[in-house]
file my_file-v3.cif (mmCIF, C-alpha atoms and all ligand atoms)
data_model
#
loop_
_atom_site.label_atom_id
_atom_site.label_comp_id
_atom_site.auth_asym_id
_atom_site.auth_seq_id
_atom_site.Cartn_x
_atom_site.Cartn_y
_atom_site.Cartn_z
CA MET A 1 -3.01 -2.86 -14.13
CA LEU A 2 -3.05 0.88 -13.34
CA LYS A 3 -5.91 3.15 -14.41
CA ILE A 4 -7.17 6.70 -13.99
CA PRO A 5 -9.25 7.00 -10.78
CA PRO A 6 -12.91 6.80 -11.83
CA HIS A 7 -14.12 9.04 -8.98
CA GLN A 8 -11.62 11.88 -8.76
CA VAL A 9 -13.42 15.20 -8.21
CA ALA A 10 -10.58 17.76 -7.90
CA GLY A 11 -6.83 18.28 -8.13
CA HIS A 12 -4.39 17.44 -10.90
CA GLN A 13 -5.91 14.75 -13.12
CA ALA A 14 -4.23 12.15 -15.31
CA GLY A 15 -5.30 11.70 -18.93
CA ASN A 16 -4.48 13.62 -22.13
CA GLY A 17 -0.78 13.33 -21.43
CA LYS A 18 -1.08 14.99 -18.02
CA LEU A 19 0.50 13.93 -14.77
CA GLY A 20 -2.05 12.74 -12.20
CA PRO A 21 -2.89 9.94 -9.81
CA LEU A 22 -3.55 6.32 -10.79
CA VAL A 23 -5.23 3.43 -8.99
CA ASP A 24 -4.83 -0.34 -9.11
CA GLU A 25 -7.25 -3.20 -8.46
CA SER A 26 -5.86 -3.96 -5.01
CA GLY A 27 -7.19 -0.69 -3.57
CA ARG A 28 -4.13 1.53 -3.81
CA PHE A 29 -4.04 5.15 -4.96
CA TYR A 30 -0.74 6.32 -6.51
CA LYS A 31 -0.26 10.08 -6.21
CA PRO A 32 2.73 11.41 -8.20
CA LEU A 33 5.22 13.27 -6.03
CA GLN A 34 5.22 16.78 -7.41
CA GLY A 35 8.80 17.58 -8.38
CA ASP A 36 9.15 20.66 -6.20
CA GLU A 37 8.83 21.09 -2.43
CA ARG A 38 5.13 20.15 -2.57
CA GLY A 39 6.03 16.51 -3.23
CA SER A 40 8.73 16.32 -0.59
CA ASN A 41 6.51 18.13 1.88
CA GLU A 42 3.59 15.74 1.43
CA LEU A 43 5.95 12.77 1.79
CA LYS A 44 7.43 14.35 4.92
CA PHE A 45 3.94 14.73 6.38
CA TYR A 46 2.85 11.14 5.66
CA THR A 47 6.14 9.80 7.04
CA SER A 48 5.80 11.84 10.23
CA PHE A 49 2.08 11.22 10.71
CA SER A 50 2.16 7.47 10.08
CA SER A 51 4.91 6.97 12.69
CA ASN A 52 3.50 9.43 15.23
CA SER A 53 2.62 7.44 18.36
CA ARG A 54 0.42 10.33 19.61
CA ILE A 55 -2.06 9.74 16.77
CA LEU A 56 -4.68 7.31 18.00
CA GLU A 57 -7.00 5.20 15.85
CA HIS A 58 -10.01 7.51 16.29
CA ILE A 59 -7.98 10.18 14.46
CA SER A 60 -5.86 8.12 12.03
CA LYS A 61 -9.11 6.72 10.59
CA PHE A 62 -9.70 10.15 9.04
CA PHE A 63 -6.52 9.84 6.93
CA PRO A 64 -5.69 7.54 4.00
CA THR A 65 -3.37 4.72 5.05
CA PHE A 66 0.17 5.40 3.80
CA TYR A 67 2.13 2.53 2.19
CA GLY A 68 5.37 4.37 1.37
CA THR A 69 6.56 5.42 -2.07
CA GLN A 70 7.02 3.47 -5.28
CA LEU A 71 8.48 4.13 -8.72
CA ILE A 72 5.74 3.61 -11.29
CA GLU A 73 5.12 4.61 -14.91
CA ALA A 74 3.82 8.18 -14.73
CA SER A 75 0.47 8.93 -16.38
CA ASP A 76 2.02 11.61 -18.62
CA GLY A 77 4.29 9.09 -20.32
CA SER A 78 7.45 10.59 -18.79
CA GLY A 79 8.66 7.21 -17.51
CA LEU A 80 9.23 5.87 -14.02
CA LYS A 81 8.41 8.50 -11.37
CA PRO A 82 8.11 8.31 -7.58
CA HIS A 83 4.53 8.13 -6.30
CA LEU A 84 3.01 8.16 -2.83
CA VAL A 85 1.21 4.85 -2.32
CA LEU A 86 -2.03 5.54 -0.46
CA GLU A 87 -5.22 3.74 0.42
CA ASP A 88 -7.77 4.25 -2.38
CA LEU A 89 -10.61 5.90 -0.47
CA SER A 90 -13.28 5.10 -3.03
CA VAL A 91 -12.54 1.39 -3.15
CA GLY A 92 -15.62 -0.76 -2.64
CA ARG A 93 -17.92 2.09 -3.52
CA VAL A 94 -20.14 1.56 -6.55
CA ASN A 95 -21.64 4.98 -7.30
CA PRO A 96 -20.23 7.34 -4.70
CA SER A 97 -21.41 10.89 -4.25
CA ILE A 98 -18.26 12.83 -3.33
CA VAL A 99 -17.46 16.43 -2.44
CA ASP A 100 -13.95 17.83 -1.95
CA ILE A 101 -14.01 20.80 0.43
CA LYS A 102 -10.81 22.81 0.79
CA ILE A 103 -10.69 23.98 4.39
CA GLY A 104 -9.35 27.30 5.71
CA SER A 105 -9.73 30.90 4.68
CA ARG A 106 -6.00 30.91 3.96
CA THR A 107 -4.52 28.22 1.70
CA TRP A 108 -0.84 29.14 1.91
CA ALA A 109 1.73 28.35 4.55
CA PRO A 110 3.82 31.24 5.92
CA GLU A 111 7.05 29.86 4.46
CA ALA A 112 5.68 29.77 0.89
CA SER A 113 7.28 31.94 -1.79
CA GLU A 114 5.93 35.45 -2.30
CA GLU A 115 4.75 34.47 -5.78
CA TYR A 116 2.82 31.44 -4.48
CA ILE A 117 1.30 33.48 -1.64
CA GLN A 118 0.04 36.09 -4.11
CA LYS A 119 -1.50 33.37 -6.33
CA CYS A 120 -3.28 31.77 -3.35
CA LEU A 121 -4.37 35.10 -1.87
CA LYS A 122 -6.03 35.99 -5.16
CA LYS A 123 -7.88 32.64 -5.27
CA ASP A 124 -8.86 32.84 -1.61
CA ARG A 125 -10.29 36.33 -2.14
CA GLU A 126 -12.13 35.39 -5.32
CA THR A 127 -13.65 32.21 -3.90
CA SER A 128 -15.72 31.44 -0.80
CA SER A 129 -12.54 30.63 1.16
CA LEU A 130 -12.21 34.08 2.67
CA PRO A 131 -15.86 34.73 3.59
CA LEU A 132 -16.81 31.15 4.56
CA GLY A 133 -13.52 29.55 5.62
CA PHE A 134 -13.83 26.83 2.97
CA ARG A 135 -14.53 26.34 -0.73
CA LEU A 136 -16.14 23.54 -2.67
CA SER A 137 -13.22 22.34 -4.74
CA GLY A 138 -15.04 19.69 -6.76
CA ILE A 139 -18.14 17.54 -6.53
CA GLN A 140 -19.97 14.61 -8.11
CA ILE A 141 -23.50 13.70 -7.09
CA TYR A 142 -24.98 10.39 -8.13
CA GLY A 143 -28.49 10.68 -9.56
CA ASN A 144 -29.64 7.21 -10.46
CA ARG A 145 -28.81 4.42 -12.94
CA GLU A 146 -30.36 6.28 -15.88
CA SER A 147 -29.07 9.78 -15.24
CA GLY A 148 -25.61 8.95 -13.83
CA TYR A 149 -23.63 11.69 -12.12
CA TRP A 150 -24.07 15.42 -11.83
CA LYS A 151 -20.52 16.79 -12.03
CA PRO A 152 -20.57 20.57 -12.48
CA GLU A 153 -17.58 22.47 -13.76
CA ARG A 154 -15.24 22.87 -10.78
CA THR A 155 -14.67 26.61 -10.92
CA SER A 156 -18.44 27.22 -10.84
CA MET A 157 -18.55 25.71 -7.33
CA GLN A 158 -15.70 27.65 -5.81
CA ASN A 159 -16.96 31.21 -5.58
CA LEU A 160 -20.53 30.68 -4.43
CA PRO A 161 -22.15 32.82 -1.73
CA ALA A 162 -23.27 31.15 1.51
CA GLU A 163 -26.87 30.43 0.43
CA GLU A 164 -25.71 28.75 -2.80
CA VAL A 165 -23.14 26.69 -0.92
CA LYS A 166 -25.91 25.53 1.39
CA LEU A 167 -28.07 24.66 -1.61
CA ILE A 168 -25.27 22.46 -3.05
CA LEU A 169 -24.79 20.74 0.31
CA LYS A 170 -28.56 20.10 0.30
CA LYS A 171 -28.52 18.76 -3.28
CA PHE A 172 -25.73 16.44 -2.17
CA VAL A 173 -28.16 14.60 0.14
CA SER A 174 -31.31 14.87 -1.99
CA SER A 175 -33.07 12.25 -4.08
CA ASN A 176 -33.01 14.43 -7.23
CA THR A 177 -31.61 12.72 -10.32
CA SER A 178 -28.67 14.34 -12.07
CA THR A 179 -30.99 15.77 -14.74
CA ASP A 180 -33.26 17.55 -12.24
CA MET A 181 -30.55 19.09 -10.08
CA ASP A 182 -31.94 22.55 -10.79
CA LEU A 183 -35.14 21.61 -8.94
CA GLN A 184 -35.55 22.40 -5.26
CA PRO A 185 -33.55 19.79 -3.27
CA ASP A 186 -35.72 17.55 -1.07
CA CYS A 187 -32.96 16.67 1.44
CA ALA A 188 -34.41 13.14 1.48
CA PHE A 189 -31.17 11.67 2.86
CA ALA A 190 -30.04 14.53 5.11
CA ALA A 191 -30.90 12.61 8.27
CA THR A 192 -29.32 9.33 7.16
CA VAL A 193 -26.14 10.85 5.67
CA TYR A 194 -25.48 13.99 7.74
CA GLY A 195 -27.32 12.94 10.91
CA GLY A 196 -27.18 10.07 13.39
CA SER A 197 -24.52 8.91 15.82
CA THR A 198 -22.16 7.77 13.02
CA GLY A 199 -23.20 10.31 10.36
CA ILE A 200 -21.15 13.09 8.76
CA LEU A 201 -21.94 15.72 11.41
CA SER A 202 -20.86 13.47 14.22
CA GLN A 203 -17.62 12.61 12.38
CA LEU A 204 -16.94 16.31 11.77
CA LEU A 205 -17.46 17.00 15.47
CA GLU A 206 -15.03 14.23 16.37
CA MET A 207 -12.48 15.77 13.99
CA LYS A 208 -13.14 19.21 15.49
CA ALA A 209 -12.46 17.93 19.01
CA TRP A 210 -8.99 16.86 17.82
CA PHE A 211 -8.31 20.19 16.11
CA GLU A 212 -9.28 22.03 19.32
CA ASP A 213 -6.44 20.21 21.00
CA GLN A 214 -3.72 19.23 18.53
CA THR A 215 -0.80 21.61 17.95
CA MET A 216 1.47 19.23 16.01
CA TYR A 217 0.51 20.16 12.45
CA HIS A 218 -1.02 23.07 10.54
CA PHE A 219 -3.09 21.82 7.62
CA TYR A 220 -2.96 24.56 4.97
CA SER A 221 -4.82 23.83 1.74
CA CYS A 222 -6.07 20.43 2.93
CA SER A 223 -9.41 19.05 1.87
CA ILE A 224 -12.14 17.13 3.60
CA LEU A 225 -13.67 14.53 1.29
CA ILE A 226 -17.27 13.63 2.13
CA MET A 227 -18.51 10.43 0.50
CA PHE A 228 -21.57 8.20 0.60
CA GLU A 229 -23.47 5.71 -1.57
CA LYS A 230 -26.77 7.17 -2.73
CA GLY A 231 -27.75 3.82 -4.24
CA LEU A 232 -27.83 2.33 -0.74
CA ALA A 233 -29.76 5.30 0.64
CA LEU A 234 -32.35 4.84 -2.14
CA GLU A 235 -32.78 1.22 -1.02
CA GLY A 236 -33.24 2.29 2.60
CA GLN A 237 -29.84 0.88 3.61
CA ASN A 238 -26.97 2.57 5.49
CA PRO A 239 -25.30 4.81 2.86
CA GLY A 240 -21.87 4.59 4.52
CA GLY A 241 -21.26 8.34 4.95
CA GLN A 242 -17.59 9.00 5.59
CA ILE A 243 -15.21 11.94 5.89
CA LYS A 244 -11.49 11.79 5.08
CA LEU A 245 -8.69 14.35 5.05
CA ILE A 246 -6.51 14.55 1.93
CA ASP A 247 -3.80 16.66 0.27
CA PHE A 248 -0.94 17.44 2.63
CA ALA A 249 1.41 19.25 0.24
CA HIS A 250 1.23 22.42 2.36
CA VAL A 251 1.15 20.99 5.89
CA ILE A 252 3.72 22.48 8.26
CA GLU A 253 4.72 21.83 11.87
CA GLY A 254 2.32 23.34 14.39
CA ARG A 255 5.02 24.21 16.95
CA GLY A 256 2.64 24.15 19.88
CA VAL A 257 0.05 26.47 18.29
CA ILE A 258 -3.58 25.59 17.51
CA ASP A 259 -4.40 25.45 13.76
CA HIS A 260 -6.90 28.31 13.93
CA ASN A 261 -7.14 28.53 10.15
CA PHE A 262 -8.31 24.93 9.73
CA LEU A 263 -10.41 24.98 12.89
CA GLY A 264 -12.26 28.11 11.77
CA GLY A 265 -13.11 26.59 8.40
CA LEU A 266 -14.18 23.32 9.99
CA CYS A 267 -16.50 25.14 12.43
CA SER A 268 -18.03 27.03 9.52
CA LEU A 269 -18.64 23.80 7.58
CA ILE A 270 -20.16 22.22 10.70
CA LYS A 271 -22.57 25.14 10.98
CA PHE A 272 -23.76 24.62 7.39
CA ILE A 273 -24.34 20.89 7.90
CA SER A 274 -26.06 21.45 11.28
CA GLU A 275 -28.42 24.02 9.81
CA ILE A 276 -29.39 21.67 6.98
CA LEU A 277 -30.13 18.97 9.53
CA THR A 278 -32.14 21.26 11.79
CA ASP A 279 -34.15 22.85 9.01
CA PRO A 280 -33.85 20.96 5.72
CA ASN A 281 -36.82 22.83 4.22
CA GLU A 282 -35.70 26.27 5.37
CA HIS A 283 -35.89 27.68 1.86
CA LYS A 284 -39.27 26.11 1.10
CA SER A 285 -40.84 27.39 4.33
CA LEU A 286 -39.46 30.86 3.56
CA VAL A 287 -41.07 30.81 0.12
CA SER A 288 -44.39 29.49 1.54
CA SER A 289 -44.52 32.14 4.25
CA VAL A 290 -43.80 34.87 1.70
CA ASN A 291 -46.70 33.42 -0.34
CA GLY A 292 -48.90 33.36 2.77
CA VAL A 293 -49.13 29.56 2.93
CA ASN A 294 -47.82 29.21 6.50
O1 LIG B 1 -3.69 24.49 -11.24
P1 LIG B 1 -4.93 25.09 -10.71
O2 LIG B 1 -5.11 26.53 -11.00
O3 LIG B 1 -6.17 24.28 -11.00
O4 LIG B 1 -4.77 25.13 -9.14
C1 LIG B 1 -4.63 23.96 -8.35
C2 LIG B 1 -5.79 23.90 -7.40
O5 LIG B 1 -6.96 23.76 -8.13
P2 LIG B 1 -8.23 24.69 -7.87
O6 LIG B 1 -7.80 25.93 -7.15
O7 LIG B 1 -9.14 23.85 -7.04
O8 LIG B 1 -8.72 24.94 -9.24
C3 LIG B 1 -5.62 22.72 -6.47
O9 LIG B 1 -6.72 22.67 -5.60
P3 LIG B 1 -7.51 21.27 -5.36
O10 LIG B 1 -6.51 20.33 -4.77
O11 LIG B 1 -8.04 20.89 -6.67
O12 LIG B 1 -8.57 21.65 -4.39
C4 LIG B 1 -4.37 22.91 -5.62
O13 LIG B 1 -4.52 24.07 -4.84
C5 LIG B 1 -3.16 23.06 -6.53
O14 LIG B 1 -2.10 23.54 -5.77
P4 LIG B 1 -1.09 22.62 -5.01
O15 LIG B 1 -0.69 21.52 -5.93
O16 LIG B 1 -1.83 22.13 -3.81
O17 LIG B 1 0.00 23.57 -4.67
C6 LIG B 1 -3.35 24.06 -7.63
O18 LIG B 1 -2.34 23.75 -8.58
P5 LIG B 1 -1.09 24.60 -8.94
O19 LIG B 1 -1.56 25.64 -9.88
O20 LIG B 1 -0.57 25.19 -7.65
O21 LIG B 1 -0.17 23.60 -9.54
N1 LIG B 2 -6.39 8.46 -1.27
C1 LIG B 2 -7.32 8.76 -2.18
N2 LIG B 2 -8.21 7.84 -2.58
C2 LIG B 2 -9.15 8.15 -3.51
N3 LIG B 2 -9.27 9.35 -4.10
C3 LIG B 2 -8.40 10.31 -3.72
C4 LIG B 2 -7.38 10.07 -2.74
N4 LIG B 2 -6.67 11.21 -2.60
C5 LIG B 2 -7.20 12.10 -3.45
N5 LIG B 2 -8.24 11.58 -4.12
C6 LIG B 2 -9.03 12.23 -5.18
O1 LIG B 2 -8.15 13.05 -5.93
C7 LIG B 2 -8.52 14.43 -5.83
C8 LIG B 2 -7.27 15.29 -5.74
O2 LIG B 2 -6.47 14.89 -4.65
P1 LIG B 2 -5.37 15.86 -4.03
O3 LIG B 2 -4.58 15.07 -3.06
O4 LIG B 2 -6.05 17.09 -3.52
O5 LIG B 2 -4.50 16.22 -5.31
P2 LIG B 2 -3.77 17.57 -5.75
O6 LIG B 2 -2.55 17.69 -4.87
O7 LIG B 2 -3.48 17.34 -7.18
O8 LIG B 2 -4.73 18.72 -5.53
C9 LIG B 2 -9.47 14.51 -4.66
O9 LIG B 2 -10.43 15.52 -4.84
C10 LIG B 2 -10.12 13.13 -4.66
O10 LIG B 2 -11.21 13.10 -5.57
#

call {"tool": "encode", "arguments": {"input": "my_file-v3.cif", "output": "structure tokens"}}
result
Amino acid sequence: MLKIPPHQVAGHQAGNGKLGPLVDESGRFYKPLQGDERGSNELKFYTSFSSNSRILEHISKFFPTFYGTQLIEASDGSGLKPHLVLEDLSVGRVNPSIVDIKIGSRTWAPEASEEYIQKCLKKDRETSSLPLGFRLSGIQIYGNRESGYWKPERTSMQNLPAEEVKLILKKFVSSNTSTDMDLQPDCAFAATVYGGSTGILSQLLEMKAWFEDQTMYHFYSCSILIMFEKGLALEGQNPGGQIKLIDFAHVIEGRGVIDHNFLGGLCSLIKFISEILTDPNEHKSLVSSVNGVN
């Protein structure tokens, strides 16, 4: 039985007669192949990447497992359509907090059409992509059983200045419920989610080490998904913080050149997460010192 993914935070979404991804109970995520070159390009990437003997396990773990393509009933009622069959990254998670971060100050590949480049350029300029090297594409933060999720309107997250982006990344790891998200974030879970030898920062650094070296692919318009279970963090258990790379519709061959665009955005994101870990109460201490408390 196929259904609409319960934890999708960005991208094209199924429902209301629209074409979007579906999931099944066995842990597979079916992403419709977009009819134009985006679909064929993403399929080309997954086919190349999954058979690339130079990709070792410590890197392939950052990508959804690829199970080929399959004809399934499309969510928009248009009949049987080819879909990429991928690992469902939210499988096994009960109430995941998830953020989709589109990496790179430039989201278009050089071979894109002039019209597409202009559309992306406009978005990159109007959002935090250009100044920060990434934009928050979509987010859901679990509050608790009573309040459910905080899922702000996507466009409101995309053009935030640096300080606001940091605030959202703090809220992401705070104990606030979804109804008190406008309160100062307490960063209660920053150390357990972002920190530690297996936490988000350390995973991002492992990914960065690969990007400093790999010249096989250029990942335009790709996203890093960051996920964890706040419910577990609230119970003092390991919240299972994980990063994954998704959306390869605009990946091109690297031809021996470092992917500076992705690397730059990744370094910028790493700086944000590091600063939150080093000084989670930065804002509070600033306010207290202005008020003469410190
Ligand atoms: O349709 P829109 O305006 O929401 O734009 C889509 C983007 O949404 P966002 O900028 O986050 O609002 C969307 O971004 P996300 O994947 O949601 O981050 C894609 O950039 C998508 O383009 P493509 O399918 O990758 O070529 C974009 O779709 P297309 O317009 O290129 O079909
Ligand atoms: N393999 C996956 N497993 C679970 N959720 C996924 C997976 N791939 C994507 N998603 C969810 O779907 C959203 C959109 O995915 P994406 O590949 O970017 O689609 P689009 O090409 O429509 O932008 C992501 O933000 C994420 O929430």

call {"tool": "closest_residue", "arguments": {"input": "my_file-v3.cif", "among": "A:Glu114, A:Glu235, A:Asp247, A:Asp182", "to": "Phe45 of chain A", "atoms": "only C-alpha atoms"}}
result
A:Asp247

call {"tool": "residues_near_ligand", "arguments": {"input": "my_file-v3.cif", "ligand": "ligand LIG 2 (chain B)", "cutoff": "6 Å", "atoms": "all atoms listed in the file", "output": "MDAnalysis selection string"}}
result
chainID A and resid 8:12 29 64 86:90 100 246:247

call {"tool": "residues_near_ligand", "arguments": {"input": "my_file-v3.cif", "ligand": "ligand LIG 1 (chain B)", "cutoff": "9 Å", "atoms": "only C-alpha atoms and all ligand atoms", "output": "PyMOL selection string"}}
result
chain A and resi 9-12+34+38-39+100-102+107-108+116+119-120+123-124+135-138+154-155+158+221-223+246-250

call {"tool": "write_last_selection", "arguments": {"input": "my_file-v3.cif", "atoms": "C-alpha atoms", "output": "compact mmCIF listing (two decimals), in the frame of the given file"}}
result
# COMPACT_ATOMS: atom_id res chain seq x y z
CA VAL A 9 -13.42 15.20 -8.21
CA ALA A 10 -10.58 17.76 -7.90
CA GLY A 11 -6.83 18.28 -8.13
CA HIS A 12 -4.39 17.44 -10.90
CA GLN A 34 5.22 16.78 -7.41
CA ARG A 38 5.13 20.15 -2.57
CA GLY A 39 6.03 16.51 -3.23
CA ASP A 100 -13.95 17.83 -1.95
CA ILE A 101 -14.01 20.80 0.43
CA LYS A 102 -10.81 22.81 0.79
CA THR A 107 -4.52 28.22 1.70
CA TRP A 108 -0.84 29.14 1.91
CA TYR A 116 2.82 31.44 -4.48
CA LYS A 119 -1.50 33.37 -6.33
CA CYS A 120 -3.28 31.77 -3.35
CA LYS A 123 -7.88 32.64 -5.27
CA ASP A 124 -8.86 32.84 -1.61
CA ARG A 135 -14.53 26.34 -0.73
CA LEU A 136 -16.14 23.54 -2.67
CA SER A 137 -13.22 22.34 -4.74
CA GLY A 138 -15.04 19.69 -6.76
CA ARG A 154 -15.24 22.87 -10.78
CA THR A 155 -14.67 26.61 -10.92
CA GLN A 158 -15.70 27.65 -5.81
CA SER A 221 -4.82 23.83 1.74
CA CYS A 222 -6.07 20.43 2.93
CA SER A 223 -9.41 19.05 1.87
CA ILE A 246 -6.51 14.55 1.93
CA ASP A 247 -3.80 16.66 0.27
CA PHE A 248 -0.94 17.44 2.63
CA ALA A 249 1.41 19.25 0.24
CA HIS A 250 1.23 22.42 2.36

call {"tool": "closest_atom_pairs", "arguments": {"input": "my_file-v3.cif", "of": "segment 14-89 of chain A", "to": "segment 252-274 of chain A", "cutoff": "12 Å", "atoms": "only C-alpha atoms", "output": "JSON lines"}}
result
{"residue": "A:Glu37", "atom": "CA", "partner": "A:Ile252", "partner_atom": "CA", "distance": 11.9}
{"residue": "A:Arg38", "atom": "CA", "partner": "A:Ile252", "partner_atom": "CA", "distance": 11.2}
{"residue": "A:Ser40", "atom": "CA", "partner": "A:Ile252", "partner_atom": "CA", "distance": 11.9}
{"residue": "A:Asn41", "atom": "CA", "partner": "A:Ile252", "partner_atom": "CA", "distance": 8.2}
{"residue": "A:Glu42", "atom": "CA", "partner": "A:Ile252", "partner_atom": "CA", "distance": 9.6}
{"residue": "A:Leu43", "atom": "CA", "partner": "A:Ile252", "partner_atom": "CA", "distance": 11.9}
{"residue": "A:Lys44", "atom": "CA", "partner": "A:Ile252", "partner_atom": "CA", "distance": 9.5}
{"residue": "A:Phe45", "atom": "CA", "partner": "A:Ile252", "partner_atom": "CA", "distance": 8.0}
{"residue": "A:Tyr46", "atom": "CA", "partner": "A:Ile252", "partner_atom": "CA", "distance": 11.7}
{"residue": "A:Ser48", "atom": "CA", "partner": "A:Glu253", "partner_atom": "CA", "distance": 10.2}
{"residue": "A:Phe49", "atom": "CA", "partner": "A:Glu253", "partner_atom": "CA", "distance": 11.0}

call {"tool": "closest_residue", "arguments": {"input": "my_file-v3.cif", "among": "A:Lys208, A:Arg125, A:Lys166, A:Arg93", "to": "Glu229 of chain A", "atoms": "all atoms listed in the file"}}
result
A:Arg93

call {"tool": "atom_distance", "arguments": {"input": "my_file-v3.cif", "atom1": "atom CA of Ser51 of chain A", "atom2": "atom CA of Tyr217 of chain A"}}
result
13.9 Å

call {"tool": "atom_distance", "arguments": {"input": "my_file-v3.cif", "atom1": "atom CA of Thr177 of chain A", "atom2": "atom CA of Val94 of chain A"}}
result
16.4 Å

call {"tool": "atom_distance", "arguments": {"input": "my_file-v3.cif", "atom1": "atom CA of Ile139 of chain A", "atom2": "atom CA of Asn281 of chain A"}}
result
22.2 Å

call {"tool": "residues_around", "arguments": {"input": "my_file-v3.cif", "residues": "Arg28 of chain A", "least_positions_apart": "3", "cutoff": "12 Å", "atoms": "all atoms listed in the file", "output": "list in words"}}
result
Met1, Leu2, Lys3, Ile4, Pro5, Pro21, Leu22, Val23, Asp24, Glu25, Lys31, Pro64, Thr65, Phe66, Tyr67, Gly68, Thr69, Gln70, His83, Leu84, Val85, Leu86, Glu87, Asp88, Leu89, Ser90, Val91 and Gly92 of chain A

call {"tool": "closest_residue", "arguments": {"input": "my_file-v3.cif", "among": "A:Thr47, A:Ser75, A:Ser53, A:Ser129", "to": "Gly17 of chain A", "atoms": "all atoms listed in the file"}}
result
A:Ser75

call {"tool": "closest_residue", "arguments": {"input": "my_file-v3.cif", "among": "A:Tyr30, A:Glu111, A:Gln203, A:Phe189", "to": "Asn238 of chain A", "atoms": "all atoms listed in the file"}}
result
A:Phe189

call {"tool": "residues_around", "arguments": {"input": "my_file-v3.cif", "residues": "Ser175 of chain A", "least_positions_apart": "6", "cutoff": "8 Å", "atoms": "only C-alpha atoms", "output": "ChimeraX atom specification"}}
result
/A:143,185-189,234

call {"tool": "axis_aligned_box", "arguments": {"input": "my_file-v3.cif", "around": "segment 105-118 of chain A", "padding_each_side": "4 Å", "output": "JSON"}}
result
{"center_x": -1.2, "center_y": 32.2, "center_z": 0.1, "size_x": 25.0, "size_y": 15.9, "size_z": 19.7}

call {"tool": "residues_near_point", "arguments": {"input": "my_file-v3.cif", "point": "(2.5, 7.8, -13.1)", "cutoff": "7 Å", "atoms": "all atoms listed in the file", "output": "list in words"}}
result
Leu19, Gly20, Pro21, Leu22, Pro32, Ile72, Glu73, Ala74, Ser75, Asp76 and Lys81 of chain A

call {"tool": "residues_around", "arguments": {"input": "my_file-v3.cif", "residues": "Ile200 of chain A", "least_positions_apart": "2", "cutoff": "8 Å", "atoms": "all atoms listed in the file", "output": "ChimeraX atom specification"}}
result
/A:193-195,198,202-204,226,241-243

call {"tool": "closest_residue", "arguments": {"input": "my_file-v3.cif", "among": "A:Ala14, A:Ile168, A:Ala112, A:Leu56", "to": "Val251 of chain A", "atoms": "all atoms listed in the file"}}
result
A:Ala112

call {"tool": "decode", "arguments": {"input": "my_file-v3.cif", "residues": "segment 199-208 of chain A", "atoms": "N, CA, C and O atoms", "output": "PDB file, in the first residue's frame"}}
result
ATOM      1  N   GLY A 199      27.993  12.736  16.495  1.00  0.00           N
ATOM      2  CA  GLY A 199      26.943  13.745  16.309  1.00  0.00           C
ATOM      3  C   GLY A 199      26.986  14.394  14.927  1.00  0.00           C
ATOM      4  O   GLY A 199      27.810  14.048  14.070  1.00  0.00           O
ATOM      5  N   ILE A 200      26.079  15.340  14.726  1.00  0.00           N
ATOM      6  CA  ILE A 200      25.918  15.991  13.413  1.00  0.00           C
ATOM      7  C   ILE A 200      27.202  16.692  12.968  1.00  0.00           C
ATOM      8  O   ILE A 200      27.621  16.564  11.807  1.00  0.00           O
ATOM      9  N   LEU A 201      27.861  17.431  13.886  1.00  0.00           N
ATOM     10  CA  LEU A 201      29.067  18.156  13.476  1.00  0.00           C
ATOM     11  C   LEU A 201      30.130  17.186  12.981  1.00  0.00           C
ATOM     12  O   LEU A 201      30.759  17.399  11.940  1.00  0.00           O
ATOM     13  N   SER A 202      30.293  16.104  13.724  1.00  0.00           N
ATOM     14  CA  SER A 202      31.337  15.170  13.313  1.00  0.00           C
ATOM     15  C   SER A 202      30.995  14.504  11.969  1.00  0.00           C
ATOM     16  O   SER A 202      31.876  14.277  11.136  1.00  0.00           O
ATOM     17  N   GLN A 203      29.710  14.266  11.710  1.00  0.00           N
ATOM     18  CA  GLN A 203      29.314  13.712  10.411  1.00  0.00           C
ATOM     19  C   GLN A 203      29.558  14.732   9.287  1.00  0.00           C
ATOM     20  O   GLN A 203      30.015  14.383   8.198  1.00  0.00           O
ATOM     21  N   LEU A 204      29.244  16.000   9.590  1.00  0.00           N
ATOM     22  CA  LEU A 204      29.467  17.049   8.570  1.00  0.00           C
ATOM     23  C   LEU A 204      30.956  17.172   8.246  1.00  0.00           C
ATOM     24  O   LEU A 204      31.347  17.372   7.093  1.00  0.00           O
ATOM     25  N   LEU A 205      31.795  17.009   9.278  1.00  0.00           N
ATOM     26  CA  LEU A 205      33.236  17.115   9.048  1.00  0.00           C
ATOM     27  C   LEU A 205      33.746  15.937   8.218  1.00  0.00           C
ATOM     28  O   LEU A 205      34.640  16.088   7.379  1.00  0.00           O
ATOM     29  N   GLU A 206      33.134  14.775   8.440  1.00  0.00           N
ATOM     30  CA  GLU A 206      33.513  13.595   7.652  1.00  0.00           C
ATOM     31  C   GLU A 206      33.116  13.813   6.175  1.00  0.00           C
ATOM     32  O   GLU A 206      33.871  13.489   5.262  1.00  0.00           O
ATOM     33  N   MET A 207      31.931  14.391   5.998  1.00  0.00           N
ATOM     34  CA  MET A 207      31.474  14.690   4.633  1.00  0.00           C
ATOM     35  C   MET A 207      32.396  15.731   4.000  1.00  0.00           C
ATOM     36  O   MET A 207      32.777  15.621   2.838  1.00  0.00           O
ATOM     37  N   LYS A 208      32.789  16.723   4.786  1.00  0.00           N
ATOM     38  CA  LYS A 208      33.651  17.795   4.259  1.00  0.00           C
ATOM     39  C   LYS A 208      34.995  17.229   3.793  1.00  0.00           C
ATOM     40  O   LYS A 208      35.505  17.611   2.737  1.00  0.00           O
TER      41      LYS A 208
END
